[in-house]
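Chemist: You'll find structure-v1.txt just under this line, and it carries compact mmCIF, C-alpha atoms.
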```
# COMPACT_ATOMS: atom_id res chain seq x y z
CA MET O 42 0.00 0.00 0.00
CA ASN O 43 2.75 2.40 1.02
CA GLN O 44 4.67 1.35 -2.03
CA ASN O 45 1.63 2.15 -4.22
CA LEU O 46 1.21 5.57 -2.62
CA SER O 47 4.89 6.25 -3.12
CA THR O 48 4.63 5.25 -6.81
CA VAL O 49 1.60 7.53 -7.31
CA SER O 50 3.33 10.46 -5.63
CA GLN O 51 6.45 9.90 -7.73
CA ARG O 52 4.51 9.77 -10.98
CA SER O 53 2.27 12.75 -10.33
CA PRO O 54 4.76 15.60 -11.00
CA SER O 55 5.78 13.95 -14.27
CA ALA O 56 2.13 13.41 -15.30
CA ILE O 57 1.29 17.02 -14.43
CA ALA O 58 4.28 18.26 -16.46
CA THR O 59 3.22 16.08 -19.42
CA ASN O 60 -0.35 17.39 -19.27
CA LYS O 61 1.01 20.93 -19.13
CA VAL O 62 3.13 20.36 -22.26
CA LEU O 63 0.13 18.84 -24.05
CA ARG O 64 -2.21 21.68 -23.02
CA ASN O 65 0.32 24.38 -23.98
CA THR O 66 1.02 22.64 -27.30
CA TYR O 67 -2.68 22.49 -28.26
CA MET O 68 -3.20 26.08 -27.10
CA LEU O 69 -0.26 27.41 -29.17
CA LEU O 70 -1.25 25.19 -32.11
CA SER O 71 -4.79 26.64 -32.12
CA LEU O 72 -3.47 30.20 -32.00
CA THR O 73 -0.93 29.59 -34.78
CA LEU O 74 -3.58 27.97 -37.00
CA LEU O 75 -5.85 31.01 -36.50
CA PHE O 76 -2.90 33.30 -37.26
CA SER O 77 -2.11 31.32 -40.42
CA GLY O 78 -5.73 31.66 -41.52
CA PHE O 79 -5.46 35.41 -41.00
CA THR O 80 -2.20 35.74 -43.00
CA ALA O 81 -3.62 33.49 -45.75
CA ALA O 82 -6.67 35.78 -46.00
CA MET O 83 -4.35 38.83 -46.12
CA SER O 84 -2.32 37.22 -48.89
CA MET O 85 -5.51 36.42 -50.88
CA MET O 86 -6.76 40.01 -50.50
CA MET O 87 -3.38 41.35 -51.63
CA ASN O 88 -3.54 39.00 -54.65
CA MET O 89 0.03 37.77 -54.16
CA PRO O 90 1.78 36.02 -57.11
CA PRO O 91 2.29 32.19 -57.09
CA MET O 92 6.03 32.53 -56.32
CA THR O 93 4.99 33.76 -52.83
CA TYR O 94 4.29 30.13 -51.86
CA LEU O 95 7.79 28.92 -52.75
CA ILE O 96 9.54 31.88 -51.08
CA SER O 97 7.40 31.61 -47.91
CA VAL O 98 7.85 27.84 -47.55
CA ILE O 99 11.65 28.00 -48.07
CA GLY O 100 11.96 30.98 -45.69
CA ALA O 101 9.79 29.32 -43.04
CA MET O 102 11.66 26.00 -43.28
CA VAL O 103 15.06 27.70 -42.99
CA ILE O 104 13.89 29.58 -39.86
CA ALA O 105 12.34 26.39 -38.43
CA MET O 106 15.50 24.33 -38.98
CA PHE O 107 18.25 26.83 -38.09
CA VAL O 108 16.77 29.62 -35.93
CA LEU O 109 13.94 28.08 -33.88
CA PRO O 110 16.02 25.37 -32.10
CA ARG O 111 18.30 28.14 -30.64
CA PHE O 112 15.34 30.05 -29.16
CA ALA O 113 13.02 27.12 -28.33
CA ASN O 114 13.61 27.48 -24.58
CA SER O 115 13.10 31.25 -24.43
CA PRO O 116 9.95 33.41 -24.83
CA ALA O 117 11.34 34.52 -28.21
CA GLY O 118 10.61 30.98 -29.43
CA ILE O 119 6.86 31.70 -29.33
CA GLY O 120 7.38 34.78 -31.52
CA ILE O 121 9.43 32.72 -33.98
CA VAL O 122 6.69 30.07 -34.14
CA PHE O 123 4.19 32.80 -35.06
CA LEU O 124 6.64 34.14 -37.67
CA ILE O 125 7.03 30.68 -39.25
CA THR O 126 3.32 29.84 -39.24
CA GLY O 127 2.40 33.35 -40.42
CA MET O 128 4.81 32.98 -43.35
CA LEU O 129 3.40 29.55 -44.24
CA GLY O 130 -0.15 30.94 -44.08
CA PHE O 131 0.85 33.89 -46.24
CA GLY O 132 2.33 31.47 -48.78
CA LEU O 133 -0.95 29.53 -48.87
CA GLY O 134 -2.83 32.63 -50.14
CA PRO O 135 -1.97 32.29 -53.87
CA ILE O 136 -2.62 28.51 -53.73
CA LEU O 137 -6.07 29.07 -52.21
CA THR O 138 -6.79 31.83 -54.78
CA MET O 139 -5.89 29.37 -57.56
CA TYR O 140 -8.15 26.61 -56.16
CA ALA O 141 -10.97 29.07 -55.46
CA SER O 142 -10.97 30.02 -59.16
CA LEU O 143 -11.68 26.38 -60.19
CA PRO O 144 -15.36 25.48 -60.95
CA ASN O 145 -15.57 23.27 -57.84
CA GLY O 146 -12.89 25.24 -55.94
CA GLY O 147 -14.90 26.23 -52.86
CA ASN O 148 -15.92 22.62 -52.30
CA ILE O 149 -12.31 21.38 -52.71
CA ILE O 150 -10.98 23.91 -50.17
CA THR O 151 -13.77 23.19 -47.66
CA LEU O 152 -13.35 19.41 -47.95
CA SER O 153 -9.54 19.70 -47.62
CA LEU O 154 -9.88 21.85 -44.51
CA ALA O 155 -12.51 19.60 -42.93
CA GLY O 156 -10.58 16.47 -43.94
CA THR O 157 -7.35 17.78 -42.42
CA GLY O 158 -9.14 18.65 -39.18
CA ALA O 159 -10.84 15.24 -39.02
CA ILE O 160 -7.56 13.35 -39.67
CA PHE O 161 -5.67 15.37 -37.05
CA MET O 162 -8.37 15.14 -34.39
CA GLY O 163 -9.06 11.44 -35.08
CA LEU O 164 -5.39 10.40 -34.87
CA SER O 165 -4.75 12.60 -31.81
CA ALA O 166 -7.80 11.12 -30.06
CA TYR O 167 -6.55 7.61 -30.96
CA VAL O 168 -3.17 8.23 -29.28
CA LEU O 169 -4.64 10.07 -26.28
CA THR O 170 -7.19 7.34 -25.55
CA THR O 171 -5.03 4.26 -26.22
CA ARG O 172 -1.84 5.92 -24.80
CA LYS O 173 0.22 3.66 -27.09
CA ASP O 174 3.92 4.41 -27.50
CA PHE O 175 4.72 5.11 -31.17
CA SER O 176 8.41 5.96 -30.64
CA PHE O 177 9.33 2.90 -32.75
CA LEU O 178 8.03 4.78 -35.83
CA GLY O 179 10.74 7.49 -35.70
CA GLY O 180 13.32 5.96 -38.07
CA PHE O 181 10.69 4.51 -40.43
CA LEU O 182 8.91 7.87 -40.81
CA MET O 183 12.13 9.83 -41.35
CA VAL O 184 13.29 7.37 -44.05
CA GLY O 185 9.85 7.59 -45.70
CA PHE O 186 9.96 11.38 -45.58
CA LEU O 187 13.44 11.47 -47.14
CA LEU O 188 12.28 9.13 -49.93
CA VAL O 189 9.28 11.42 -50.57
CA LEU O 190 11.61 14.43 -50.79
CA LEU O 191 13.79 12.51 -53.29
CA ALA O 192 10.70 11.56 -55.33
CA ALA O 193 9.51 15.20 -55.28
CA LEU O 194 12.98 16.31 -56.43
CA ALA O 195 12.88 13.79 -59.30
CA ASN O 196 9.36 14.89 -60.27
CA ILE O 197 10.49 18.52 -60.65
CA PHE O 198 12.44 17.27 -63.69
CA LEU O 199 10.12 14.41 -64.77
CA GLN O 200 6.81 16.37 -64.42
CA ILE O 201 4.62 13.21 -64.17
CA PRO O 202 1.10 14.09 -62.83
CA ALA O 203 0.47 10.51 -61.55
CA MET O 204 3.72 10.65 -59.59
CA SER O 205 2.66 13.98 -58.10
CA LEU O 206 -0.63 12.39 -56.99
CA MET O 207 1.23 9.42 -55.52
CA ILE O 208 3.62 11.72 -53.62
CA SER O 209 0.67 13.63 -52.12
CA ALA O 210 -0.98 10.38 -50.99
CA VAL O 211 2.25 9.12 -49.39
CA VAL O 212 2.82 12.51 -47.71
CA ILE O 213 -0.60 12.24 -46.02
CA MET O 214 0.23 8.74 -44.73
CA ILE O 215 3.67 9.80 -43.47
CA MET O 216 2.30 12.96 -41.82
CA SER O 217 -0.45 10.85 -40.21
CA GLY O 218 2.34 8.67 -38.81
CA PHE O 219 4.11 11.78 -37.50
CA ILE O 220 0.91 12.86 -35.70
CA LEU O 221 0.85 9.47 -33.91
CA HIS O 222 4.60 9.62 -33.20
CA ASP O 223 4.74 13.27 -32.01
CA THR O 224 1.59 13.06 -29.86
CA SER O 225 2.81 9.84 -28.26
CA ARG O 226 6.20 11.51 -27.56
CA ILE O 227 4.41 14.35 -25.75
CA ILE O 228 2.25 12.09 -23.57
CA HIS O 229 5.17 9.79 -22.72
CA GLY O 230 7.45 12.67 -21.74
CA GLY O 231 9.76 12.39 -24.80
CA GLU O 232 9.00 15.98 -25.82
CA THR O 233 9.04 18.52 -23.02
CA ASN O 234 9.29 21.68 -25.12
CA TYR O 235 5.83 22.82 -26.28
CA VAL O 236 7.31 25.26 -28.83
CA LEU O 237 9.05 22.44 -30.73
CA ALA O 238 6.02 20.15 -30.24
CA THR O 239 3.75 22.83 -31.73
CA ILE O 240 5.88 23.43 -34.82
CA GLY O 241 6.12 19.67 -35.44
CA LEU O 242 2.34 19.17 -35.29
CA TYR O 243 1.71 22.38 -37.29
CA MET O 244 3.96 21.08 -40.11
CA THR O 245 2.02 17.80 -40.25
CA ILE O 246 -1.30 19.68 -40.48
CA PHE O 247 0.08 22.04 -43.15
CA ASN O 248 1.43 19.17 -45.27
CA ILE O 249 -1.78 17.14 -44.98
CA PHE O 250 -3.86 20.18 -46.02
CA ILE O 251 -1.65 20.97 -49.07
CA SER O 252 -1.61 17.30 -50.15
CA LEU O 253 -5.38 16.92 -49.74
CA LEU O 254 -5.91 20.08 -51.81
CA GLN O 255 -3.74 18.61 -54.56
CA ILE O 256 -5.41 15.17 -54.50
CA LEU O 257 -8.97 16.56 -54.46
CA GLY O 258 -8.05 19.18 -57.09
CA ILE O 259 -6.66 16.53 -59.47
CA MET O 260 -9.46 14.02 -58.82
CA SER O 261 -12.23 16.58 -59.30
CA ASN O 262 -10.85 17.31 -62.80
CA ASP O 263 -11.04 13.62 -63.73
CA ASP O 264 -14.78 13.67 -64.49
CA MET W 53 12.85 24.89 -66.80
CA ASP W 54 12.10 28.19 -65.05
CA TRP W 55 13.91 29.71 -62.08
CA MET W 56 11.14 28.67 -59.63
CA GLN W 57 11.74 24.99 -60.41
CA ILE W 58 15.50 25.45 -59.98
CA ILE W 59 15.00 27.15 -56.59
CA ALA W 60 12.52 24.41 -55.52
CA ALA W 61 15.04 21.70 -56.52
CA LEU W 62 17.88 23.45 -54.63
CA ALA W 63 15.66 23.84 -51.53
CA LEU W 64 14.74 20.13 -51.62
CA VAL W 65 18.43 19.16 -51.91
CA MET W 66 19.18 21.41 -48.90
CA PHE W 67 16.36 19.84 -46.82
CA ILE W 68 17.55 16.32 -47.72
CA VAL W 69 21.14 17.16 -46.71
CA VAL W 70 19.97 18.71 -43.41
CA LEU W 71 17.59 15.82 -42.58
CA LEU W 72 20.05 13.02 -43.42
CA PRO W 73 22.03 13.08 -40.10
CA ARG W 74 18.76 13.33 -38.12
CA THR W 75 17.38 10.32 -40.00
CA ARG W 76 20.54 8.28 -39.25
CA HIS W 77 20.26 9.24 -35.58
CA MET W 78 16.58 8.23 -35.43
CA ILE W 79 17.20 4.90 -37.17
CA LYS W 80 19.93 4.06 -34.64
CA ASN W 81 17.99 5.22 -31.57
CA SER W 82 14.38 4.23 -32.34
CA PRO W 83 13.20 1.19 -30.39
CA LYS W 84 12.10 -1.84 -32.41
CA GLY W 85 8.32 -2.27 -32.70
CA THR W 86 6.58 -5.61 -32.19
CA SER W 87 4.03 -6.92 -34.71
CA SER W 88 1.28 -5.71 -32.37
CA ASP W 89 2.86 -2.21 -32.37
CA TRP W 90 2.92 -2.18 -36.17
CA MET W 91 -0.72 -3.28 -36.31
CA SER W 92 -1.66 -0.38 -34.04
CA PHE W 93 -0.02 1.88 -36.64
CA VAL W 94 -1.39 0.21 -39.78
CA ILE W 95 -5.05 0.24 -38.65
CA PRO W 96 -5.42 4.04 -38.19
CA ILE W 97 -3.44 4.68 -41.40
CA ALA W 98 -5.82 2.35 -43.28
CA VAL W 99 -8.75 4.32 -41.83
CA VAL W 100 -7.11 7.56 -43.07
CA VAL W 101 -6.76 6.05 -46.57
CA LEU W 102 -10.45 5.02 -46.58
CA PHE W 103 -11.40 8.51 -45.37
CA ILE W 104 -9.46 10.12 -48.26
CA ILE W 105 -11.23 7.82 -50.73
CA LEU W 106 -14.52 9.03 -49.21
CA LEU W 107 -13.44 12.66 -49.65
CA ILE W 108 -12.56 11.97 -53.30
CA LYS W 109 -16.05 10.52 -53.82
CA LEU W 110 -17.58 13.62 -52.22
CA VAL W 111 -15.74 16.21 -54.34
```
Just give me the structure as structure tokens.
Modeler:
Amino acid sequence: MNQNLSTVSQRSPSAIATNKVLRNTYMLLSLTLLFSGFTAAMSMMMNMPPMTYLISVIGAMVIAMFVLPRFANSPAGIGIVFLITGMLGFGLGPILTMYASLPNGGNIITLSLAGTGAIFMGLSAYVLTTRKDFSFLGGFLMVGFLLVLLAALANIFLQIPAMSLMISAVVIMIMSGFILHDTSRIIHGGETNYVLATIGLYMTIFNIFISLLQILGIMSNDD
Amino acid sequence: MDWMQIIAALALVMFIVVLLPRTRHMIKNSPKGTSSDWMSFVIPIAVVVLFIILLIKLV
């Protein structure tokens, strides 16, 4: 009995810290998604050219890879997360303008948005309820992601539409795996920094949304 | 080939080069999953695939 009480009291601070990381991550993720929606709307109103997407994504990725890790443990890290997600949202503007101009564009954007939300919430709920440890997926997902980047690089030169569709489908599966992996890392105490946890989950949501847009856009033209 | 494609290709090469050491580290340090672990991964991914097929039917 005493041993049980001792175990409970030893686990509690860790469980509280984990819940705090999870709560802060979801809070910051919600705010950054709203901010991205705002910058995307700004970009659409300003009628930005298509190259905005490429410049924003490259800029955001460079900041995420080289700047954010240095400031992740300071309050400046939160500002950098908003900068990255704001840039990615701004880059989405021309893409959304392009899809909105398609005959079925509004429906494609709405379904992509709803689909992304459903996938994220469904997979997060799955990890939070089962509390399974998906840390074994780390190497597999990173190798899969590298292979997708290589395929995307090859397709810049090959320009095969079917390959582009295949890449988008695989990206959704890999990003779904990352949602399981990253959420499980948070609840098992593997990720204690909510700034880094937020940017990881944001990237998965962003990639799923872009890939769904592409898949639904291509498939709706197949009629 | 326009300049946007060249920049996109260069950016992808940069991301691959940056991610390569991290991938090696994760392969070495990730625990091995049992068949039951892999099943708990495959089932939700299969549900996601079915969901995307449903979305394609809806569009």
Chemist: Kindly give the distance, in Å, that separates CA of Ile246 in chain O and CA of Met83 in chain O, rounded to a single decimal.
Modeler: 20.2 Å
Chemist: Compute the set of chain O residues within 6 Å of chain W, using all atoms listed in the file, and express it as an MDAnalysis selection string.
Modeler: chainID O and resid 177 179:180 183 194 257
Chemist: Using only C-alpha atoms, please write the residues we just selected to a file, as an mmCIF file, in the frame of the given file.
Modeler:
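For reference, part.cif as written:
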```cif
data_model
loop_
_atom_site.group_PDB
_atom_site.id
_atom_site.type_symbol
_atom_site.label_atom_id
_atom_site.label_comp_id
_atom_site.auth_asym_id
_atom_site.auth_seq_id
_atom_site.Cartn_x
_atom_site.Cartn_y
_atom_site.Cartn_z
ATOM 1 C CA PHE O 177 9.330 2.900 -32.750
ATOM 2 C CA GLY O 179 10.740 7.490 -35.700
ATOM 3 C CA GLY O 180 13.320 5.960 -38.070
ATOM 4 C CA MET O 183 12.130 9.830 -41.350
ATOM 5 C CA LEU O 194 12.980 16.310 -56.430
ATOM 6 C CA LEU O 257 -8.970 16.560 -54.460
#
```
Chemist: Please list as a compact mmCIF listing (two decimals) with C-alpha atoms, in the frame of the given file every residue within 10 Å of Tyr94 in chain O, counting only C-alpha atoms and excluding residues in the same chain fewer than 5 positions away.
Modeler:
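Writing done, so here's part27.txt:
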```
# COMPACT_ATOMS: atom_id res chain seq x y z
CA MET O 89 0.03 37.77 -54.16
CA ILE O 99 11.65 28.00 -48.07
CA GLY O 100 11.96 30.98 -45.69
CA MET O 128 4.81 32.98 -43.35
CA LEU O 129 3.40 29.55 -44.24
CA GLY O 130 -0.15 30.94 -44.08
CA PHE O 131 0.85 33.89 -46.24
CA GLY O 132 2.33 31.47 -48.78
CA LEU O 133 -0.95 29.53 -48.87
CA GLY O 134 -2.83 32.63 -50.14
CA PRO O 135 -1.97 32.29 -53.87
CA ILE O 136 -2.62 28.51 -53.73
```
Chemist: For the atom pair CA of Gly258 in chain O and CA of Val184 in chain O, what is the interatomic distance in Å to one decimal place?
Modeler: 27.7 Å
Chemist: Please indicate the distance in Å from CA of Leu109 in chain O to CA of Met214 in chain O, rounded to one decimal place.
Modeler: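 According to the coordinates, CA of Leu109 in chain O and CA of Met214 in chain O are separated by 26.1 Å.
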Chemist: Name the closest residue to Ala81 in chain O among the candidates O:Ile215, O:Leu95, O:Thr126, O:Leu169; distances are taken between atoms, counting all atoms listed in the file.
Modeler: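 Answer, going by the shortest atom-to-atom distance: O:Thr126.
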